[in-house]
Amino acid sequence: MMKKRSALMLSSVMLMSVMLAACGGNSNNTASNNASNGSAGNTSGAVKTVKIFQFKTEIVEGLNELKVEFEKEHPNIKLDIQTVGGGADYAAALKTKFASGDAPDIFSNGGYAEMDLWGDKLEDLSDQPWVKDLIPLAAEPMTKDGKTYGMPMNLEGIGYVYNKDLFAKAGITETPKTITELEEAAKKLQAIDVTPFGNAYQEWWLLGNQGISVAFAQQDNVDEFIKGLNGGTASIVGNPVFKDWSNLLNLTVKYGQKNPLTTDANTHLAMFAKGETAMMQEGNWAQTLVDNITPNMNIGMFPMPINDDPAKNDKMTVGIPANLVVNKDSGSKEEAKTFLNWLVTSDMGKEYITKKWKFIPALKTIEATPEDIGALGSDVWKYVQDGKVYGLQSSKFPDGVTQEFASVIQELIAGKTDEAGWEKGMQAAWDKLKK
């Protein structure tokens, strides 16, 4: 689902996360060779346990099913899967794990700034067999100095999930590509007594991680802009793209349900799946969540437009929500690598990645059909194939700033600050946490 909970960028492709790892270590040359080619490393006969700490709540059931099969094939390796997500602060929970001496063997990492933050804990995975099969650019967030430190599990698109039947009923024949077209669509939906937007603005990750990413991505040069924010030569205050983004936020509130700040993700998913709302800000991971409520619902996805430039706005936010990394201080490093390789090469692992979780694969060796990944994944994949994507920028932010951003945005929604105050609050949040 969403780390949301922390994500990451990519240009023509991206992916997401699921975690698990194996246990048991071996120091002889045979074990080392086995580890390098992805085969099991524990030949001692001892049963070891690998702790996996991840945040995707929507894949927990599948992970536990994969655990059973993996342990059958690798009887000397046991998997202990722990999940913290669904809006909880995974980053804080991970820090607590390490501080308390209960460090996991495999954990999630968003890459870029987050990779640097945890750099002293990450095992170099460059020699693993799956690295050569990564879709071009998929490894970018977790690559530094030519070395790969994480396995991207899938690509995720973020935008507006919409009800195609309600759009058709309202006479909306094309998905909006500008903010003006989006408001026109909202008015048509209101005219047939449908609430246009279901806004889960209680969720910090939806606002401060994924939503605000568009305001960064549409800068003329996002990396230079972020460098300028860190160096004091750029500012959110007075930045026209952030003004545009606030216009979109205000539009969704104007045409949304009551009490958006007390609406959580489960509620906005339920409202949408029951046909009470026509749109919601979500990602293609919502496919399985909607399917669980209303199977075979006629849905799709389109990007979040913040102004009236269709060339800039008709680009999907695509990122790698997380990468699976191995704790370099773990006593079960080789077994962890064995599991990761099994996950993306075994028939069962590949089936779960595409058919059960409906992930857009990050590896060229994993095939996925539209029937596998669903309507939402297919829409995202089309944008990726067309090269019409923005990377998810949040993993480039200072640690902790996404939650600070969300608090300031929620103040704007609540009317506790105006747009000038909001821009100052966003800048203050960055300044407080930048290195």
# chains A, B, ... in the order shown; residues from 1 in each chain; ligands from 1
>>> closest_atom_pairs(of="segment 365-387 of chain A", to="segment 325-347 of chain A", cutoff="12 Å", atoms="only C-alpha atoms", output="JSON lines")
{"residue": "A:Thr365", "atom": "CA", "partner": "A:Thr345", "partner_atom": "CA", "distance": 8.1}
{"residue": "A:Ile366", "atom": "CA", "partner": "A:Val344", "partner_atom": "CA", "distance": 7.5}
{"residue": "A:Glu367", "atom": "CA", "partner": "A:Val344", "partner_atom": "CA", "distance": 11.1}
>>> residues_around(residues="Gln410 of chain A", least_positions_apart="2", cutoff="8 Å", atoms="only C-alpha atoms", output="ChimeraX atom specification")
/A:201-202,261,406-408,412-414
>>> write_last_selection(atoms="all heavy atoms", output="CSV table (one decimal), in the first residue's frame")
chain,number,residue,atom,x,y,z
A,201,TYR,N,-7.8,14.0,4.1
A,201,TYR,CA,-6.8,15.0,4.5
A,201,TYR,C,-6.4,14.9,5.9
A,201,TYR,O,-5.7,15.7,6.5
A,201,TYR,CB,-7.2,16.4,4.1
A,201,TYR,CG,-7.2,16.6,2.6
A,201,TYR,CD1,-7.9,17.7,2.0
A,201,TYR,CD2,-6.4,15.8,1.8
A,201,TYR,CE1,-7.9,17.9,0.6
A,201,TYR,CE2,-6.4,16.0,0.4
A,201,TYR,CZ,-7.1,17.1,-0.2
A,201,TYR,OH,-7.1,17.3,-1.5
A,202,GLN,N,-6.9,13.8,6.6
A,202,GLN,CA,-6.4,13.5,7.9
A,202,GLN,C,-5.0,12.9,7.8
A,202,GLN,O,-4.2,12.9,8.7
A,202,GLN,CB,-7.3,12.5,8.6
A,202,GLN,CG,-6.8,12.0,10.0
A,202,GLN,CD,-7.8,11.1,10.6
A,202,GLN,OE1,-9.0,11.3,10.7
A,202,GLN,NE2,-7.3,9.9,11.1
A,261,LEU,N,-10.6,16.9,7.1
A,261,LEU,CA,-9.5,16.8,8.0
A,261,LEU,C,-9.7,15.6,9.0
A,261,LEU,O,-8.8,15.3,9.8
A,261,LEU,CB,-9.2,18.1,8.8
A,261,LEU,CG,-8.6,19.2,7.9
A,261,LEU,CD1,-8.5,20.5,8.7
A,261,LEU,CD2,-7.2,18.8,7.4
A,406,ALA,N,2.7,18.4,6.2
A,406,ALA,CA,1.3,18.0,6.3
A,406,ALA,C,0.6,18.9,7.3
A,406,ALA,O,-0.5,19.3,7.1
A,406,ALA,CB,1.2,16.5,6.7
A,407,SER,N,1.3,19.1,8.5
A,407,SER,CA,0.7,19.9,9.5
A,407,SER,C,0.4,21.3,9.0
A,407,SER,O,-0.7,21.9,9.3
A,407,SER,CB,1.6,20.0,10.7
A,407,SER,OG,1.7,18.7,11.3
A,408,VAL,N,1.3,21.9,8.3
A,408,VAL,CA,1.1,23.3,7.7
A,408,VAL,C,0.0,23.3,6.7
A,408,VAL,O,-0.9,24.2,6.7
A,408,VAL,CB,2.4,23.8,7.1
A,408,VAL,CG1,2.2,25.2,6.6
A,408,VAL,CG2,3.5,23.8,8.2
A,412,LEU,N,-3.9,25.2,6.6
A,412,LEU,CA,-4.5,26.0,5.5
A,412,LEU,C,-5.9,25.5,5.2
A,412,LEU,O,-6.8,26.3,5.0
A,412,LEU,CB,-3.6,25.8,4.2
A,412,LEU,CG,-4.1,26.5,3.0
A,412,LEU,CD1,-4.2,28.0,3.2
A,412,LEU,CD2,-3.1,26.2,1.8
A,413,ILE,N,-6.0,24.2,5.2
A,413,ILE,CA,-7.4,23.6,4.9
A,413,ILE,C,-8.3,24.0,6.0
A,413,ILE,O,-9.5,24.3,5.7
A,413,ILE,CB,-7.3,22.0,4.9
A,413,ILE,CG1,-6.4,21.6,3.7
A,413,ILE,CG2,-8.7,21.4,4.8
A,413,ILE,CD1,-6.1,20.1,3.7
A,414,ALA,N,-7.9,24.1,7.2
A,414,ALA,CA,-8.7,24.4,8.4
A,414,ALA,C,-9.0,25.9,8.5
A,414,ALA,O,-9.8,26.3,9.3
A,414,ALA,CB,-8.1,23.9,9.7
>>> select_by_dssp(residues="segment 306-399 of chain A", states="helix (DSSP H, G or I)", output="MDAnalysis selection string")
chainID A and resid 310:313 333:345 347:356 370:385 394:396
>>> residues_around(residues="Val60 of chain A", least_positions_apart="2", cutoff="10 Å", atoms="only C-alpha atoms", output="list in words")
Met1, Val18, Met19, Gln54, Phe55, Lys56, Thr57, Glu58, Gly62, Leu63, Asn64, Glu65, Leu66, Ile81, Gln82 and Thr83 of chain A
>>> closest_atom_pairs(of="segment 296-348 of chain A", to="segment 149-155 of chain A", cutoff="7 Å", atoms="only C-alpha atoms", output="CSV")
residue,atom,partner,partner_atom,distance
A:Val318,CA,A:Leu155,CA,6.8
A:Gly319,CA,A:Leu155,CA,6.0
A:Ile320,CA,A:Leu155,CA,5.5
A:Ala322,CA,A:Pro152,CA,6.5
A:Asn323,CA,A:Pro152,CA,4.4
A:Leu324,CA,A:Met151,CA,5.0
A:Val325,CA,A:Gly150,CA,4.6
>>> write_last_selection(atoms="C-alpha atoms", output="PDB file, in the first residue's frame")
ATOM      1  CA  VAL A 318       5.633   7.848 -10.514  1.00  0.00           C
ATOM      2  CA  GLY A 319       7.956   6.700  -7.816  1.00  0.00           C
ATOM      3  CA  ILE A 320       9.534   3.867  -5.941  1.00  0.00           C
ATOM      4  CA  ALA A 322      10.407   1.760  -1.056  1.00  0.00           C
ATOM      5  CA  ASN A 323      13.352  -0.474  -1.692  1.00  0.00           C
ATOM      6  CA  LEU A 324      14.229  -3.593   0.222  1.00  0.00           C
ATOM      7  CA  VAL A 325      17.628  -3.209   1.851  1.00  0.00           C
TER       8      VAL A 325
END
>>> select_by_dssp(residues="segment 328-412 of chain A", states="strand (DSSP E or B)", output="VMD selection string")
chain A and resid 360 to 361 363 389 to 391
>>> write_last_selection(atoms="all heavy atoms", output="PDB file, in the first residue's frame")
ATOM      1  N   ILE A 360       3.354  -2.994 -10.468  1.00  0.00           N
ATOM      2  CA  ILE A 360       4.025  -2.799 -11.747  1.00  0.00           C
ATOM      3  C   ILE A 360       5.479  -3.195 -11.512  1.00  0.00           C
ATOM      4  O   ILE A 360       6.189  -2.536 -10.750  1.00  0.00           O
ATOM      5  CB  ILE A 360       3.942  -1.337 -12.207  1.00  0.00           C
ATOM      6  CG1 ILE A 360       2.474  -0.901 -12.298  1.00  0.00           C
ATOM      7  CG2 ILE A 360       4.634  -1.155 -13.556  1.00  0.00           C
ATOM      8  CD1 ILE A 360       2.301   0.585 -12.552  1.00  0.00           C
ATOM      9  N   PRO A 361       5.953  -4.271 -12.139  1.00  0.00           N
ATOM     10  CA  PRO A 361       7.282  -4.797 -11.796  1.00  0.00           C
ATOM     11  C   PRO A 361       8.409  -3.825 -12.127  1.00  0.00           C
ATOM     12  O   PRO A 361       8.335  -3.047 -13.074  1.00  0.00           O
ATOM     13  CB  PRO A 361       7.402  -6.062 -12.656  1.00  0.00           C
ATOM     14  CG  PRO A 361       6.015  -6.388 -13.080  1.00  0.00           C
ATOM     15  CD  PRO A 361       5.286  -5.083 -13.164  1.00  0.00           C
ATOM     16  N   LEU A 363      11.485  -5.202 -12.559  1.00  0.00           N
ATOM     17  CA  LEU A 363      12.455  -6.054 -13.230  1.00  0.00           C
ATOM     18  C   LEU A 363      11.942  -6.461 -14.611  1.00  0.00           C
ATOM     19  O   LEU A 363      10.765  -6.813 -14.769  1.00  0.00           O
ATOM     20  CB  LEU A 363      12.730  -7.317 -12.409  1.00  0.00           C
ATOM     21  CG  LEU A 363      13.284  -7.106 -10.996  1.00  0.00           C
ATOM     22  CD1 LEU A 363      13.399  -8.428 -10.269  1.00  0.00           C
ATOM     23  CD2 LEU A 363      14.624  -6.415 -11.045  1.00  0.00           C
ATOM     24  N   VAL A 389       6.023  11.268 -17.195  1.00  0.00           N
ATOM     25  CA  VAL A 389       6.072  11.030 -15.757  1.00  0.00           C
ATOM     26  C   VAL A 389       6.884  12.098 -15.044  1.00  0.00           C
ATOM     27  O   VAL A 389       7.798  12.707 -15.609  1.00  0.00           O
ATOM     28  CB  VAL A 389       6.683   9.644 -15.437  1.00  0.00           C
ATOM     29  CG1 VAL A 389       5.861   8.523 -16.013  1.00  0.00           C
ATOM     30  CG2 VAL A 389       8.129   9.555 -15.924  1.00  0.00           C
ATOM     31  N   TYR A 390       6.510  12.319 -13.797  1.00  0.00           N
ATOM     32  CA  TYR A 390       7.314  13.061 -12.836  1.00  0.00           C
ATOM     33  C   TYR A 390       7.724  12.077 -11.748  1.00  0.00           C
ATOM     34  O   TYR A 390       6.926  11.236 -11.327  1.00  0.00           O
ATOM     35  CB  TYR A 390       6.524  14.187 -12.178  1.00  0.00           C
ATOM     36  CG  TYR A 390       6.254  15.396 -13.032  1.00  0.00           C
ATOM     37  CD1 TYR A 390       4.948  15.821 -13.264  1.00  0.00           C
ATOM     38  CD2 TYR A 390       7.304  16.141 -13.573  1.00  0.00           C
ATOM     39  CE1 TYR A 390       4.695  16.961 -14.031  1.00  0.00           C
ATOM     40  CE2 TYR A 390       7.069  17.265 -14.345  1.00  0.00           C
ATOM     41  CZ  TYR A 390       5.760  17.670 -14.577  1.00  0.00           C
ATOM     42  OH  TYR A 390       5.524  18.792 -15.337  1.00  0.00           O
ATOM     43  N   GLY A 391       8.941  12.208 -11.260  1.00  0.00           N
ATOM     44  CA  GLY A 391       9.356  11.359 -10.157  1.00  0.00           C
ATOM     45  C   GLY A 391       8.754  11.831  -8.846  1.00  0.00           C
ATOM     46  O   GLY A 391       8.536  13.020  -8.640  1.00  0.00           O
TER      47      GLY A 391
END
>>> closest_residue(among="A:Leu117, A:Phe242, A:Ile226, A:Ala278", to="Gln190 of chain A", atoms="only C-alpha atoms")
A:Ala278
>>> closest_residue(among="A:Gly349, A:Gly87, A:Pro305, A:Pro176", to="Tyr162 of chain A", atoms="only C-alpha atoms")
A:Pro176
>>> residues_around(residues="Met301 of chain A", least_positions_apart="5", cutoff="8 Å", atoms="only C-alpha atoms", output="PDB file with N, CA and C atoms, in the first residue's frame")
ATOM      1  N   GLY A 159      -1.975   9.822  -8.341  1.00  0.00           N
ATOM      2  CA  GLY A 159      -2.792  10.817  -9.025  1.00  0.00           C
ATOM      3  C   GLY A 159      -4.205  10.738  -8.508  1.00  0.00           C
ATOM      4  N   TYR A 160      -5.164  10.991  -9.392  1.00  0.00           N
ATOM      5  CA  TYR A 160      -6.566  10.867  -9.023  1.00  0.00           C
ATOM      6  C   TYR A 160      -7.138   9.582  -9.600  1.00  0.00           C
ATOM      7  N   VAL A 161      -7.634   8.744  -8.711  1.00  0.00           N
ATOM      8  CA  VAL A 161      -8.393   7.570  -9.125  1.00  0.00           C
ATOM      9  C   VAL A 161      -9.829   8.034  -9.351  1.00  0.00           C
ATOM     10  N   TYR A 162     -10.420   7.638 -10.482  1.00  0.00           N
ATOM     11  CA  TYR A 162     -11.758   8.147 -10.791  1.00  0.00           C
ATOM     12  C   TYR A 162     -12.700   7.036 -11.229  1.00  0.00           C
ATOM     13  N   ASN A 284      -1.919   3.477  -7.650  1.00  0.00           N
ATOM     14  CA  ASN A 284      -2.447   2.260  -8.269  1.00  0.00           C
ATOM     15  C   ASN A 284      -2.550   1.105  -7.276  1.00  0.00           C
ATOM     16  N   LEU A 376      -5.830   0.414 -12.905  1.00  0.00           N
ATOM     17  CA  LEU A 376      -5.014   1.521 -12.406  1.00  0.00           C
ATOM     18  C   LEU A 376      -3.549   1.340 -12.792  1.00  0.00           C
ATOM     19  N   ASP A 379      -3.087   2.092 -16.467  1.00  0.00           N
ATOM     20  CA  ASP A 379      -3.054   3.523 -16.778  1.00  0.00           C
ATOM     21  C   ASP A 379      -1.698   4.130 -16.431  1.00  0.00           C
ATOM     22  N   VAL A 380      -1.161   3.763 -15.274  1.00  0.00           N
ATOM     23  CA  VAL A 380       0.150   4.268 -14.875  1.00  0.00           C
ATOM     24  C   VAL A 380       1.219   3.793 -15.849  1.00  0.00           C
TER      25      VAL A 380
END
>>> residues_around(residues="Tyr112 of chain A", least_positions_apart="2", cutoff="6 Å", atoms="only C-alpha atoms", output="PDB file with N, CA and C atoms, in the first residue's frame")
ATOM      1  N   GLU A 114      17.125   9.494   1.959  1.00  0.00           N
ATOM      2  CA  GLU A 114      16.890   8.430   2.940  1.00  0.00           C
ATOM      3  C   GLU A 114      17.997   7.390   2.878  1.00  0.00           C
ATOM      4  N   MET A 115      18.523   7.136   1.686  1.00  0.00           N
ATOM      5  CA  MET A 115      19.668   6.242   1.550  1.00  0.00           C
ATOM      6  C   MET A 115      20.875   6.818   2.281  1.00  0.00           C
ATOM      7  N   PRO A 141      17.400   5.598  -7.356  1.00  0.00           N
ATOM      8  CA  PRO A 141      17.281   6.123  -5.987  1.00  0.00           C
ATOM      9  C   PRO A 141      18.187   5.431  -4.971  1.00  0.00           C
ATOM     10  N   SER A 395      11.572  11.476  -1.157  1.00  0.00           N
ATOM     11  CA  SER A 395      12.766  10.881  -0.566  1.00  0.00           C
ATOM     12  C   SER A 395      13.978  11.794  -0.677  1.00  0.00           C
ATOM     13  N   LYS A 396      13.807  12.927  -1.348  1.00  0.00           N
ATOM     14  CA  LYS A 396      14.874  13.923  -1.419  1.00  0.00           C
ATOM     15  C   LYS A 396      14.715  14.984  -0.321  1.00  0.00           C
TER      16      LYS A 396
END
>>> atom_distance(atom1="atom CA of Gln427 of chain A", atom2="atom CA of Gly157 of chain A")
26.7 Å
>>> closest_residue(among="A:Phe359, A:Phe107, A:Phe70, A:Phe405", to="Trp205 of chain A", atoms="only C-alpha atoms")
A:Phe405
>>> atom_distance(atom1="atom CA of Ala186 of chain A", atom2="atom CA of Thr402 of chain A")
28.3 Å
